[in-house]
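Visitor: Below is the structure I would like to discuss, written out as structure tokens.
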Amino acid sequence: MSPGARPSPNIWNTPGTYEIENHAVDPDGRIAAAMQDVASWAGRTVLDVGCGTGFHLPWFATTAASVVGVEPHGDLAALARRRTRRLANVAVHQGTAQSLPLPDASVDVVHARWAYFFGPGCEPGLAELDRVVRRGGTAFVIDNDPTRSTFGAWFRRGYPEVDPLAVQRFWSTRGWSRTPVDMRWSFASRADLEAVVRIEFTREVADEVLAGHEGTEVDYAVNLWWRHYEVS
């Protein structure tokens with residue numbers, strides 16, 4: 001594990017179940033569409049911060065000139081390398097958001113999805129983005145919106161210490177813009193949904209929310225935070 005890493009118990013402890021979650025997230029592609037409305041990564045260099053097992057790296061690699069994944073957990077980084085071993089335009093490095101193993105002004109588009117950039121406390125990582133993103137580049141941060149949706153209500157129950165208004169103030173006062181996105185979880189089976197809920201919440205909260213929810217889908221709101229690094 002890289003020094004200074006923020007633990008991510010869901011994927012770090014159960015990467016197989018988290019893979020199920022990744023496949024269930026946003027089957028309609030609304031997050032990707034919202035990102036494309038802000039900036040394209042076609043023909044550009046993309047950095048995925050906290051890339052985990054590399055789930056999104058092949059997706060970016062289909063159109064990007066090159067893709068770099070950075071992941072603090074050594075075992076997950078190894079899985080990401082194995083996933084992308086046949087993709088010549090993808091590289092994976094072990095490292096942290098607050099100490100990116102990349103040269104200055106070396107990437108055009110940054111993607112961080114439920115990784116490190118959760119609001120107050122991530123200032124060192126933001127300083128690293130200032131360093132590695134070329135002028136004219138764009139950074140994207142995808143995080144939960146606990147103020148709405150079924151999953152948002154579950155999140156408030158599971159993480160009452162998170163103040164969504166404070167998080168929004170954090171990003172907006174630092175020059176980031178917000179695009180609200182309404183997407184959904186869609187699982188192949190009820191067992192898959194239940195397994196994923198149980199890696200995201202304590203046993204008590206998972207039991208409560210599952211008892212009150214039927215089926216294999218969950219409406220889910222996220223915030224797409226983004227910033228252009230303007231050409232001076």
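Scheme for the structure tokens: letters A, B, ... for chains in order shown; per-chain residue numbers from 1; ligand numbers from 1 in order shown.
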Out of stretch 15-181 of chain A, which residues get strand (DSSP E or B) from DSSP, as a ChimeraX atom specification?
Guide: /A:25,45-49,66-71,90-94,96,99,107-113,133-144,177-181
Visitor: Write a file of the selected residues as a short mmCIF file (atom, residue, chain, number, x, y, z; two decimals), in the first residue's frame, keeping C-alpha atoms.
Guide:
data_model
loop_
_atom_site.label_atom_id
_atom_site.label_comp_id
_atom_site.auth_asym_id
_atom_site.auth_seq_id
_atom_site.Cartn_x
_atom_site.Cartn_y
_atom_site.Cartn_z
CA VAL A 25 -23.48 1.42 -12.36
CA THR A 45 -3.88 11.86 -22.45
CA VAL A 46 -6.20 10.67 -19.67
CA LEU A 47 -5.32 10.10 -16.01
CA ASP A 48 -7.61 7.90 -13.88
CA VAL A 49 -6.85 8.63 -10.21
CA SER A 66 -2.89 7.38 -23.95
CA VAL A 67 -4.30 6.46 -20.55
CA VAL A 68 -2.57 6.36 -17.18
CA GLY A 69 -4.07 4.70 -14.12
CA VAL A 70 -2.79 5.51 -10.63
CA GLU A 71 -3.79 3.28 -7.71
CA VAL A 90 -2.41 2.17 -21.19
CA ALA A 91 0.04 2.32 -18.27
CA VAL A 92 -0.69 1.70 -14.58
CA HIS A 93 1.38 3.07 -11.70
CA GLN A 94 1.14 2.55 -7.98
CA THR A 96 -1.45 8.34 -4.45
CA SER A 99 1.85 12.43 -4.80
CA VAL A 107 -2.14 14.94 -18.84
CA ASP A 108 -5.16 16.54 -20.49
CA VAL A 109 -8.12 14.92 -18.75
CA VAL A 110 -8.39 13.60 -15.19
CA HIS A 111 -11.05 11.17 -13.99
CA ALA A 112 -11.63 10.33 -10.31
CA ARG A 113 -14.72 8.26 -9.55
CA VAL A 133 -2.82 18.92 -15.85
CA ARG A 134 -1.83 20.82 -18.95
CA ARG A 135 -3.38 24.22 -19.55
CA GLY A 136 -6.53 23.67 -21.53
CA GLY A 137 -7.15 20.39 -19.71
CA THR A 138 -10.13 19.31 -17.62
CA ALA A 139 -10.56 17.35 -14.40
CA PHE A 140 -13.65 15.34 -13.45
CA VAL A 141 -14.62 14.15 -9.98
CA ILE A 142 -17.65 11.87 -9.58
CA ASP A 143 -19.16 11.56 -6.11
CA ASN A 144 -22.46 10.77 -4.43
CA SER A 177 -18.63 23.44 -11.46
CA ARG A 178 -21.34 20.88 -10.69
CA THR A 179 -23.44 18.86 -13.10
CA PRO A 180 -26.13 16.79 -11.30
CA VAL A 181 -26.61 13.37 -12.87
#
Visitor: Would you mind reading off the distance between atom CA of A:Pro124 and atom CA of A:Trp225, one decimal, in Å?
Guide: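 Between these atoms lies a distance of 17.2 Å.
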Visitor: Rounded to one decimal in Å, what is the spacing between atom CA of A:Val205 and atom CA of A:Gly158?
Guide: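 Atom CA of A:Gly158 lies at a distance of 6.1 Å from atom CA of A:Val205.
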Visitor: Which of these residues is nearest to A:Ser40, using only C-alpha atoms: A:Asn22, A:Thr63, A:Ser8, A:Ser149?
Guide: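 Comparing A:Asn22, A:Thr63, A:Ser8, A:Ser149 against A:Ser40, the winner is A:Thr63.
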Visitor: Provide the atom CA of A:Ala211 to atom CA of A:Trp12 distance in Å, to one decimal place.
Guide: 26.4 Å
Visitor: Can you check which residues of stretch 16-135 of chain A DSSP gives as helix (DSSP H, G or I) on the backbone and send them as a ChimeraX atom specification?
Guide: /A:16-24,30-38,57-61,74-83,123-132
